[in-house]
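The data block below is my_file34.tsv; it holds TSV, C-alpha atoms.
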```tsv
chain	number	residue	atom	x	y	z
A	12	MET	CA	195.23	-34.77	291.96
A	13	ALA	CA	193.41	-31.46	292.41
A	14	ILE	CA	190.50	-32.41	290.12
A	15	SER	CA	188.37	-35.53	289.85
A	16	GLN	CA	189.48	-38.43	287.67
A	17	LYS	CA	186.23	-38.09	285.73
A	18	ILE	CA	186.86	-34.45	284.81
A	19	SER	CA	190.49	-35.20	284.05
A	20	GLY	CA	189.37	-37.89	281.60
A	21	PHE	CA	186.80	-35.60	280.03
A	22	MET	CA	189.39	-32.87	279.58
A	23	GLU	CA	191.61	-35.29	277.70
A	24	LYS	CA	188.76	-36.33	275.40
A	25	SER	CA	187.87	-32.73	274.59
A	26	SER	CA	191.40	-31.44	274.25
A	27	TRP	CA	191.94	-31.54	270.48
A	28	ILE	CA	190.83	-27.98	269.80
A	29	ARG	CA	192.75	-26.78	272.86
A	30	LYS	CA	195.86	-28.64	271.68
A	31	MET	CA	195.67	-26.99	268.27
A	32	PHE	CA	195.12	-23.60	269.90
A	33	GLU	CA	198.29	-24.09	271.96
A	34	GLU	CA	200.18	-25.31	268.91
A	35	GLY	CA	199.06	-22.17	267.09
A	36	ILE	CA	200.49	-19.98	269.84
A	37	ARG	CA	203.81	-21.80	269.63
A	38	LEU	CA	204.00	-21.57	265.84
A	39	LYS	CA	203.07	-17.88	265.80
A	40	GLN	CA	205.83	-17.13	268.30
A	41	GLU	CA	208.32	-19.03	266.15
A	42	PHE	CA	207.32	-17.92	262.65
A	43	GLY	CA	205.23	-14.78	263.17
A	44	GLU	CA	201.46	-14.57	263.26
A	45	GLU	CA	201.20	-13.62	259.59
A	46	ASN	CA	202.93	-16.88	258.62
A	47	VAL	CA	200.65	-19.27	260.52
A	48	PHE	CA	197.22	-20.22	259.13
A	49	ASP	CA	194.90	-21.30	261.91
A	50	LEU	CA	191.71	-22.92	260.59
A	51	SER	CA	190.98	-24.78	263.81
A	52	LEU	CA	188.57	-22.40	265.57
A	53	GLY	CA	184.99	-21.52	264.65
A	54	ASN	CA	185.16	-18.00	266.07
A	55	PRO	CA	183.60	-15.59	263.52
A	56	VAL	CA	185.74	-12.62	262.50
A	57	VAL	CA	182.88	-10.77	260.81
A	58	GLU	CA	181.35	-7.89	262.75
A	59	PRO	CA	177.70	-7.76	263.88
A	60	PRO	CA	175.24	-6.12	261.47
A	61	LYS	CA	174.63	-2.41	261.94
A	62	GLU	CA	171.04	-3.03	263.06
A	63	LEU	CA	172.25	-4.91	266.13
A	64	VAL	CA	174.96	-2.37	266.94
A	65	ALA	CA	172.36	0.42	266.81
A	66	ALA	CA	169.99	-1.61	268.99
A	67	LEU	CA	172.73	-2.23	271.55
A	68	VAL	CA	173.58	1.47	271.75
A	69	ALA	CA	169.91	2.41	272.07
A	70	SER	CA	169.37	-0.20	274.81
A	71	ALA	CA	172.40	1.02	276.74
A	72	LYS	CA	171.22	4.64	276.53
A	73	ASP	CA	167.60	3.89	277.45
A	74	PRO	CA	166.93	5.94	280.63
A	75	ALA	CA	163.77	4.05	281.66
A	76	PRO	CA	163.98	2.86	285.29
A	77	GLY	CA	164.27	-0.81	286.19
A	78	LEU	CA	165.88	-2.05	282.99
A	79	HIS	CA	168.79	-3.67	284.81
A	80	ARG	CA	166.87	-5.35	287.62
A	81	TYR	CA	165.95	-9.00	288.05
A	82	MET	CA	163.43	-10.39	285.58
A	83	PRO	CA	161.35	-13.57	285.18
A	84	ASN	CA	163.64	-16.56	284.80
A	85	ALA	CA	162.28	-17.26	281.33
A	86	GLY	CA	163.44	-13.82	280.18
A	87	LEU	CA	161.81	-10.49	279.50
A	88	PRO	CA	158.15	-11.03	278.51
A	89	ASP	CA	158.19	-8.48	275.68
A	90	VAL	CA	161.37	-9.98	274.24
A	91	ARG	CA	159.91	-13.49	274.36
A	92	GLU	CA	156.76	-12.28	272.63
A	93	THR	CA	158.77	-10.63	269.85
A	94	VAL	CA	160.90	-13.76	269.41
A	95	ALA	CA	157.73	-15.90	269.30
A	96	GLN	CA	156.26	-13.70	266.56
A	97	SER	CA	159.55	-13.81	264.64
A	98	LEU	CA	159.90	-17.59	264.82
A	99	SER	CA	156.27	-18.60	264.23
A	100	PRO	CA	156.48	-18.46	260.40
A	101	GLU	CA	159.69	-20.52	260.42
A	102	CYS	CA	158.28	-23.09	262.85
A	103	LYS	CA	154.91	-23.22	261.04
A	104	VAL	CA	153.36	-23.02	264.53
A	105	ASP	CA	151.65	-20.16	266.35
A	106	LEU	CA	154.05	-19.43	269.20
A	107	THR	CA	153.58	-17.14	272.17
A	108	ALA	CA	155.89	-15.83	274.87
A	109	ASP	CA	154.86	-18.84	276.97
A	110	ASP	CA	156.66	-21.14	274.52
A	111	ILE	CA	160.01	-19.31	274.74
A	112	VAL	CA	162.86	-19.32	277.26
A	113	MET	CA	165.70	-16.85	276.72
A	114	VAL	CA	169.02	-18.49	277.59
A	115	CYS	CA	172.78	-17.92	277.75
A	116	GLY	CA	173.55	-19.18	274.28
A	117	ALA	CA	172.56	-22.49	272.69
A	118	ALA	CA	174.85	-24.25	275.17
A	119	GLY	CA	172.76	-22.93	278.04
A	120	GLY	CA	169.63	-24.04	276.23
A	121	LEU	CA	170.93	-27.57	275.68
A	122	ASN	CA	171.88	-27.92	279.32
A	123	ILE	CA	168.54	-26.81	280.70
A	124	ALA	CA	166.73	-29.07	278.21
A	125	LEU	CA	168.76	-32.13	279.17
A	126	LYS	CA	168.54	-31.41	282.89
A	127	THR	CA	164.77	-31.10	282.55
A	128	LEU	CA	164.36	-34.34	280.59
A	129	LEU	CA	166.90	-36.81	281.93
A	130	ASP	CA	166.74	-39.26	284.80
A	131	PRO	CA	169.95	-41.11	285.73
A	132	GLY	CA	170.81	-43.63	283.03
A	133	ASP	CA	168.62	-42.10	280.33
A	134	GLU	CA	170.15	-41.95	276.87
A	135	VAL	CA	170.45	-39.14	274.32
A	136	ILE	CA	171.19	-40.15	270.75
A	137	ILE	CA	173.58	-37.97	268.77
A	138	PHE	CA	174.83	-38.34	265.18
A	139	ALA	CA	178.54	-38.75	264.44
A	140	PRO	CA	180.38	-36.60	263.64
A	141	TYR	CA	179.03	-34.45	266.45
A	142	PHE	CA	179.76	-31.34	268.49
A	143	VAL	CA	181.90	-32.89	271.21
A	144	GLU	CA	180.24	-31.01	274.06
A	145	TYR	CA	177.08	-33.12	273.61
A	146	LEU	CA	178.90	-35.93	275.40
A	147	PHE	CA	179.54	-33.77	278.43
A	148	TYR	CA	176.18	-32.02	278.45
A	149	ALA	CA	174.39	-35.38	278.67
A	150	ASP	CA	176.72	-36.54	281.44
A	151	ASN	CA	176.20	-33.25	283.31
A	152	HIS	CA	172.65	-34.36	284.02
A	153	GLY	CA	173.05	-38.07	284.66
A	154	GLY	CA	172.49	-39.21	281.10
A	155	LYS	CA	174.56	-40.88	278.44
A	156	ALA	CA	175.16	-39.71	274.88
A	157	VAL	CA	174.85	-42.57	272.37
A	158	PRO	CA	176.56	-41.83	269.03
A	159	VAL	CA	174.97	-43.13	265.82
A	160	ALA	CA	176.77	-43.16	262.49
A	161	THR	CA	175.65	-41.03	259.55
A	162	ARG	CA	175.94	-42.00	255.89
A	163	ASP	CA	179.07	-41.44	253.84
A	164	ASP	CA	177.79	-37.98	252.84
A	165	PHE	CA	177.01	-37.22	256.54
A	166	THR	CA	173.24	-37.29	256.02
A	167	LEU	CA	171.00	-39.03	258.56
A	168	ASP	CA	171.03	-42.82	258.66
A	169	LEU	CA	167.57	-43.56	260.04
A	170	GLY	CA	168.14	-47.31	259.93
A	171	ALA	CA	171.07	-46.91	262.31
A	172	LEU	CA	168.99	-44.58	264.47
A	173	GLU	CA	166.12	-47.06	264.73
A	174	LYS	CA	168.50	-49.78	265.92
A	175	ALA	CA	169.94	-47.43	268.56
A	176	ILE	CA	166.61	-46.38	270.10
A	177	SER	CA	165.85	-48.28	273.30
A	178	GLU	CA	163.64	-48.00	276.36
A	179	LYS	CA	166.33	-45.74	277.81
A	180	THR	CA	166.16	-43.25	274.91
A	181	ARG	CA	164.79	-39.94	276.10
A	182	ALA	CA	165.88	-37.59	273.31
A	183	VAL	CA	167.61	-37.30	269.95
A	184	ILE	CA	169.78	-34.28	269.15
A	185	ILE	CA	170.29	-33.04	265.61
A	186	ASN	CA	172.36	-30.10	264.39
A	187	SER	CA	171.64	-28.63	260.93
A	188	PRO	CA	173.50	-26.90	259.33
A	189	ASN	CA	175.99	-29.19	260.97
A	190	ASN	CA	179.17	-28.60	262.89
A	191	PRO	CA	181.62	-30.04	261.76
A	192	THR	CA	180.39	-31.07	258.28
A	193	GLY	CA	178.30	-28.15	257.01
A	194	VAL	CA	175.60	-30.61	255.88
A	195	VAL	CA	171.95	-29.52	255.97
A	196	TYR	CA	169.29	-32.17	256.65
A	197	SER	CA	166.64	-32.12	253.94
A	198	ARG	CA	162.91	-31.70	254.41
A	199	GLU	CA	162.39	-35.33	253.37
A	200	SER	CA	164.88	-36.65	255.91
A	201	LEU	CA	163.29	-34.61	258.70
A	202	GLU	CA	159.83	-35.86	257.74
A	203	ASP	CA	161.12	-39.44	257.89
A	204	LEU	CA	162.89	-38.76	261.19
A	205	ALA	CA	159.68	-37.37	262.67
A	206	ALA	CA	157.69	-40.41	261.51
A	207	LEU	CA	160.24	-42.77	263.06
A	208	LEU	CA	160.27	-40.96	266.41
A	209	LYS	CA	156.48	-40.82	266.47
A	210	LYS	CA	156.33	-44.57	265.90
A	211	LYS	CA	158.93	-45.28	268.58
A	212	SER	CA	157.24	-42.96	271.08
A	213	GLU	CA	153.95	-44.78	270.59
A	214	GLU	CA	155.63	-48.17	270.99
A	215	MET	CA	157.33	-47.15	274.23
A	216	GLY	CA	154.40	-45.22	275.65
A	217	ARG	CA	156.45	-42.08	276.30
A	218	ALA	CA	157.76	-39.29	274.14
A	219	VAL	CA	161.17	-39.39	272.53
A	220	TYR	CA	161.93	-35.68	272.28
A	221	LEU	CA	163.69	-34.26	269.25
A	222	ILE	CA	166.12	-31.50	270.20
A	223	SER	CA	167.34	-29.34	267.34
A	224	ASP	CA	170.54	-27.43	268.10
A	225	ASP	CA	170.58	-24.91	265.27
A	226	PRO	CA	172.72	-21.80	265.80
A	227	TYR	CA	173.80	-21.95	262.13
A	228	LYS	CA	170.28	-22.08	260.67
A	229	LYS	CA	170.54	-18.72	258.88
A	230	ILE	CA	173.97	-19.47	257.44
A	231	ALA	CA	172.98	-21.58	254.44
A	232	PHE	CA	174.13	-21.38	250.81
A	233	ASP	CA	172.87	-21.83	247.26
A	234	GLY	CA	169.24	-21.34	248.28
A	235	VAL	CA	169.20	-24.56	250.32
A	236	GLU	CA	166.23	-24.87	252.68
A	237	THR	CA	166.82	-25.28	256.41
A	238	PRO	CA	163.47	-26.57	257.69
A	239	ASN	CA	162.48	-26.23	261.34
A	240	ILE	CA	161.67	-29.44	263.21
A	241	CYS	CA	158.56	-27.91	264.78
A	242	GLU	CA	156.89	-28.20	261.40
A	243	PHE	CA	157.18	-31.98	261.46
A	244	TYR	CA	157.15	-33.23	265.04
A	245	ASP	CA	155.10	-32.12	268.02
A	246	ASN	CA	157.56	-33.38	270.66
A	247	SER	CA	160.20	-30.89	269.51
A	248	ILE	CA	162.52	-28.59	271.41
A	249	TYR	CA	164.15	-26.05	269.10
A	250	ILE	CA	167.29	-24.37	270.42
A	251	THR	CA	169.14	-21.60	268.67
A	252	SER	CA	171.25	-18.54	269.35
A	253	HIS	CA	172.48	-15.34	267.74
A	254	SER	CA	176.14	-16.29	268.13
A	255	LYS	CA	176.55	-17.01	264.43
A	256	ASP	CA	173.79	-15.18	262.53
A	257	LEU	CA	174.48	-11.90	264.36
A	258	ALA	CA	178.17	-12.70	265.03
A	259	VAL	CA	177.93	-12.11	268.79
A	260	PRO	CA	179.10	-15.40	270.40
A	261	GLY	CA	180.60	-13.43	273.26
A	262	GLU	CA	177.20	-12.01	274.22
A	263	ARG	CA	175.80	-15.50	275.01
A	264	ILE	CA	172.25	-14.92	273.84
A	265	GLY	CA	169.94	-17.70	272.68
A	266	MET	CA	166.47	-19.12	273.06
A	267	VAL	CA	164.64	-22.39	273.59
A	268	VAL	CA	161.32	-23.03	271.86
A	269	VAL	CA	158.98	-25.78	273.08
A	270	HIS	CA	156.39	-26.92	270.57
A	271	PRO	CA	153.05	-25.90	272.10
A	272	LYS	CA	151.63	-29.35	271.24
A	273	ALA	CA	154.50	-31.25	272.90
A	274	GLU	CA	153.57	-33.90	275.44
A	275	ASN	CA	153.16	-32.12	278.80
A	276	ALA	CA	154.31	-28.86	277.19
A	277	LYS	CA	153.44	-26.66	280.18
A	278	GLU	CA	155.24	-28.99	282.58
A	279	LEU	CA	158.23	-29.08	280.24
A	280	MET	CA	158.34	-25.28	280.08
A	281	ALA	CA	158.16	-25.05	283.86
A	282	GLY	CA	161.08	-27.46	284.12
A	283	LEU	CA	163.16	-25.46	281.67
A	284	ILE	CA	162.53	-22.24	283.57
A	285	PHE	CA	163.40	-23.90	286.88
A	286	CYS	CA	166.61	-25.38	285.46
A	287	ASN	CA	167.56	-22.03	283.93
A	288	ARG	CA	167.62	-20.75	287.50
A	289	VAL	CA	169.21	-23.62	289.41
A	290	LEU	CA	172.01	-24.18	286.90
A	291	GLY	CA	173.10	-20.64	287.64
A	292	PHE	CA	172.28	-19.07	284.29
A	293	VAL	CA	169.24	-17.40	285.98
A	294	ASN	CA	168.40	-15.72	282.69
A	295	ALA	CA	170.05	-14.26	279.63
A	296	PRO	CA	171.53	-10.77	280.24
A	297	SER	CA	168.93	-8.02	279.97
A	298	LEU	CA	170.92	-5.63	277.76
A	299	ILE	CA	171.46	-8.10	274.91
A	300	GLN	CA	167.91	-9.42	275.28
A	301	ARG	CA	166.53	-5.93	274.67
A	302	ALA	CA	168.92	-5.39	271.78
A	303	VAL	CA	168.05	-8.59	269.89
A	304	LYS	CA	164.37	-7.81	270.35
A	305	ASN	CA	164.94	-4.85	268.03
A	306	ALA	CA	167.20	-6.71	265.60
A	307	GLN	CA	165.02	-9.68	264.69
A	308	GLY	CA	165.45	-10.36	260.99
A	309	ALA	CA	168.96	-8.93	260.81
A	310	THR	CA	171.84	-11.23	259.92
A	311	VAL	CA	175.45	-11.19	258.84
A	312	ASP	CA	176.28	-11.20	255.13
A	313	VAL	CA	175.92	-14.89	254.28
A	314	LYS	CA	177.30	-14.24	250.79
A	315	ASP	CA	180.68	-13.51	252.36
A	316	TYR	CA	180.77	-16.96	253.95
A	317	GLN	CA	179.64	-18.55	250.70
A	318	ARG	CA	182.45	-16.81	248.83
A	319	LYS	CA	185.00	-18.13	251.34
A	320	ARG	CA	183.48	-21.61	251.08
A	321	ASP	CA	183.62	-21.61	247.29
A	322	PHE	CA	187.25	-20.55	247.23
A	323	LEU	CA	188.51	-23.09	249.75
A	324	TYR	CA	186.34	-25.91	248.39
A	325	GLY	CA	187.71	-25.30	244.91
A	326	GLU	CA	191.30	-25.35	246.16
A	327	LEU	CA	190.85	-28.51	248.26
A	328	LYS	CA	189.28	-30.37	245.33
A	329	ARG	CA	191.98	-29.13	242.96
A	330	ILE	CA	194.67	-30.46	245.27
A	331	GLY	CA	192.94	-33.85	245.51
A	332	TYR	CA	191.15	-33.89	248.86
A	333	SER	CA	187.90	-35.84	249.23
A	334	VAL	CA	185.42	-33.47	250.86
A	335	VAL	CA	181.64	-33.05	251.02
A	336	LYS	CA	180.68	-29.55	249.88
A	337	PRO	CA	179.13	-27.71	252.86
A	338	GLN	CA	175.59	-26.43	252.43
A	339	GLY	CA	175.79	-24.17	255.48
A	340	ALA	CA	177.64	-23.17	258.67
A	341	PHE	CA	181.34	-22.40	258.13
A	342	TYR	CA	183.24	-25.69	258.34
A	343	PHE	CA	184.74	-28.34	256.07
A	344	PHE	CA	185.21	-31.95	257.17
A	345	PRO	CA	187.58	-33.46	254.58
A	346	GLN	CA	188.72	-37.06	254.59
A	347	SER	CA	192.33	-37.41	255.65
A	348	PRO	CA	194.72	-38.67	252.95
A	349	LEU	CA	196.26	-40.79	255.74
A	350	GLU	CA	194.25	-43.35	257.69
A	351	ASP	CA	195.55	-41.75	260.88
A	352	GLU	CA	194.21	-38.21	260.64
A	353	VAL	CA	196.12	-37.17	263.76
A	354	GLU	CA	199.35	-37.85	261.91
A	355	PHE	CA	198.09	-35.90	258.92
A	356	VAL	CA	197.10	-32.96	261.11
A	357	ARG	CA	200.69	-33.02	262.43
A	358	ILE	CA	201.95	-32.83	258.84
A	359	LEU	CA	199.65	-29.87	258.22
A	360	ALA	CA	201.00	-28.18	261.35
A	361	SER	CA	204.53	-28.66	260.04
A	362	LYS	CA	203.36	-26.58	257.05
A	363	ARG	CA	201.98	-24.01	259.54
A	364	VAL	CA	198.34	-24.89	258.83
A	365	LEU	CA	196.18	-25.81	261.83
A	366	ALA	CA	193.19	-28.18	261.69
A	367	VAL	CA	191.37	-30.39	264.21
A	368	PRO	CA	191.45	-34.21	264.05
A	369	GLY	CA	188.07	-35.78	263.30
A	370	ARG	CA	188.21	-38.09	266.30
A	371	GLY	CA	187.58	-34.96	268.38
A	372	PHE	CA	184.12	-35.00	266.75
A	373	GLY	CA	183.57	-38.72	267.07
A	374	LEU	CA	184.77	-39.75	263.59
A	375	ALA	CA	188.40	-40.66	262.97
A	376	GLY	CA	189.86	-40.46	259.48
A	377	TYR	CA	188.66	-36.89	258.86
A	378	PHE	CA	189.67	-33.42	260.01
A	379	ARG	CA	187.79	-30.18	260.55
A	380	LEU	CA	188.55	-26.80	259.03
A	381	SER	CA	186.88	-23.49	259.81
A	382	TYR	CA	186.57	-20.75	257.21
A	383	CYS	CA	184.97	-17.95	259.25
A	384	LEU	CA	188.35	-16.28	258.93
A	385	PRO	CA	190.07	-13.40	257.16
A	386	ASP	CA	190.67	-14.04	253.47
A	387	LYS	CA	194.42	-13.76	253.96
A	388	VAL	CA	194.38	-16.71	256.36
A	389	ILE	CA	192.30	-18.88	254.02
A	390	LYS	CA	194.33	-18.00	250.93
A	391	GLY	CA	197.59	-18.28	252.83
A	392	SER	CA	196.76	-21.83	253.88
A	393	VAL	CA	196.49	-23.22	250.35
A	394	ALA	CA	200.22	-23.82	249.82
A	395	GLY	CA	200.39	-25.73	253.10
A	396	PHE	CA	197.40	-27.90	252.18
A	397	GLU	CA	199.07	-28.73	248.87
A	398	GLU	CA	202.46	-29.53	250.40
A	399	ALA	CA	200.90	-31.69	253.13
A	400	PHE	CA	198.79	-33.63	250.63
A	401	LYS	CA	201.81	-34.35	248.45
A	402	GLU	CA	203.83	-35.50	251.46
A	403	ALA	CA	201.03	-37.73	252.74
A	404	THR	CA	200.39	-39.37	249.36
A	405	ALA	CA	204.01	-39.65	248.17
A	406	SER	CA	204.35	-43.27	249.29
A	407	ARG	CA	201.19	-44.51	247.57
```

This entry written out as structure tokens:
Amino acid sequence: MAISQKISGFMEKSSWIRKMFEEGIRLKQEFGEENVFDLSLGNPVVEPPKELVAALVASAKDPAPGLHRYMPNAGLPDVRETVAQSLSPECKVDLTADDIVMVCGAAGGLNIALKTLLDPGDEVIIFAPYFVEYLFYADNHGGKAVPVATRDDFTLDLGALEKAISEKTRAVIINSPNNPTGVVYSRESLEDLAALLKKKSEEMGRAVYLISDDPYKKIAFDGVETPNICEFYDNSIYITSHSKDLAVPGERIGMVVVHPKAENAKELMAGLIFCNRVLGFVNAPSLIQRAVKNAQGATVDVKDYQRKRDFLYGELKRIGYSVVKPQGAFYFFPQSPLEDEVEFVRILASKRVLAVPGRGFGLAGYFRLSYCLPDKVIKGSVAGFEEAFKEATASR
């Protein structure tokens, strides 16, 4: 075998999205791309806002010398200062450039945070359903991801969390608005979460850090609030990116914020900066850093996502699916009409509709749909959803 058994096993665990991608290629070759409705990938089709495009062009044309040279590993100081000023009102904390690390997307931020925090055998608690890469990110740095169940409506189950916290617990990761459910954690639940982690940290005599992975924070609907964890808990690490709110996932630009009152905050920041270097990210690319500095406050048209959500939610409910209405992001996580959601996803594929089995996100019996897609794909999928539901429920 050319690769390690460990990586081979990990690849199998994370292969559901890849399998659906490959199935999509096969179906499109057989039936034509316009006749296949792929709702498996969360790759936004909207274009970046004009403010960012203008900032990118201006940054590329800037003739000032030295703009493409090496920089501090935390990122460009003026960019970090602008980001700090932009995020301070949201975080309800006075941030400075010294609290910010510019990173290669939220994924880069999560990896440097976990590498900084974890000793071998340390545990990171995640809530199921979860973004599957959390499992691998924790393992990357000698730790172990410990899944904890959420409630039936995918909100936080703090009783289950309290039972899962142990002497090995180093951090808890939350993701709100959530991938794959679209659920937003309320202010009250975050206040209760913060109180629980504060109590547990005091009992254990060391901080349990709360890591918030929030690239969807600005994509929220119906006026729902998306509070920032820094408002509630000092030992917070807030990680976000512009992949979704500026629709530039290919540019790999994000940031890590360390609460200035976090335990050993300066040491933590130094560790993040060091890990940004030794993991090979070195720093986020200078061109996109300079562009986002001048596009703070810009965002994609969230109303467009809400319109897509409303249409597909209405159709799924009309057909008979049980599904929690998303409050943000751009995913649905319906319950499968069959106990074995893999079998149901196969039925959907036979109707030329592609979805991802829920077990790929740590929760069998459900499946994930993305709606950051052209309207013709979303509308074209409805007949397949209806046919698949009827086939799955015909024997009841």

Quick one: axis-aligned box around all listed atoms of stretch 274-279 of chain A, 3 Å on every side, centre and edge lengths in Å to one decimal, written as lines of an AutoDock Vina configuration file.
```
center_x = 155.7
center_y = -30.3
center_z = 279.0
size_x = 11.1
size_y = 13.2
size_z = 13.1
```

### Query
Any idea what's packed within 9 Å of A:Arg320, counting only C-alpha atoms, ignoring anything in its chain fewer than 5 positions away? Could you give it as a VMD selection string?
chain A and resid 315 325 336 to 337 341 to 343 382

### Message
Taking 4 positions as the minimum chain separation for residues in the same chain, which residues sit within 7 Å of A:Pro158 when counting only C-alpha atoms? Answer as a PyMOL selection string.
### Response
chain A and resi 136-139

### Task
Please provide as a list in words all residues within 10 Å of A:Leu204, with the sequence filter that same-chain residues fewer than 6 positions apart are discarded (counting all atoms listed in the file).
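Returned residues: Leu167, Asp168, Leu169, Leu172, Glu173, Arg198, Lys210, Leu221, Ile240, Phe243 and Tyr244 of chain A.
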
Create the file for the chosen residues now, containing C-alpha atoms and written as a CSV table (one decimal), keeping the file's coordinate frame.
```
chain,number,residue,atom,x,y,z
A,167,LEU,CA,171.0,-39.0,258.6
A,168,ASP,CA,171.0,-42.8,258.7
A,169,LEU,CA,167.6,-43.6,260.0
A,172,LEU,CA,169.0,-44.6,264.5
A,173,GLU,CA,166.1,-47.1,264.7
A,198,ARG,CA,162.9,-31.7,254.4
A,210,LYS,CA,156.3,-44.6,265.9
A,221,LEU,CA,163.7,-34.3,269.2
A,240,ILE,CA,161.7,-29.4,263.2
A,243,PHE,CA,157.2,-32.0,261.5
A,244,TYR,CA,157.2,-33.2,265.0
```

### Message
I'd like to know which of A:Leu380, A:Ala218, A:Ala85, A:Ile184 is closest to A:Phe344, using only C-alpha atoms.
### Response
A:Leu380

### Task
Excluding A:Glu352 and any residue of its chain fewer than 4 positions from it, enumerate the residues within 9 Å of it, using only C-alpha atoms, and give them as a ChimeraX atom specification.
/A:346-348,356-357,368-370,375-378

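Proximity to A:Ile299 at 8 Å, evaluated using all atoms listed in the file and with sequence-adjacent residues fewer than 5 positions away removed, yields Leu67, Glu262 and Ile264 of chain A.
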
### Query
What does the distance between atom CA of A:Met280 and atom CA of A:Leu87 come to in Å, to one decimal place?
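We find that atom CA of A:Met280 and atom CA of A:Leu87 lie 15.2 Å from each other.
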
### Summary
Shortest contact to A:Phe165, candidates A:Val195, A:Leu283, A:Ile250, A:Val313, atoms counted all atoms listed in the file, goes to A:Val195
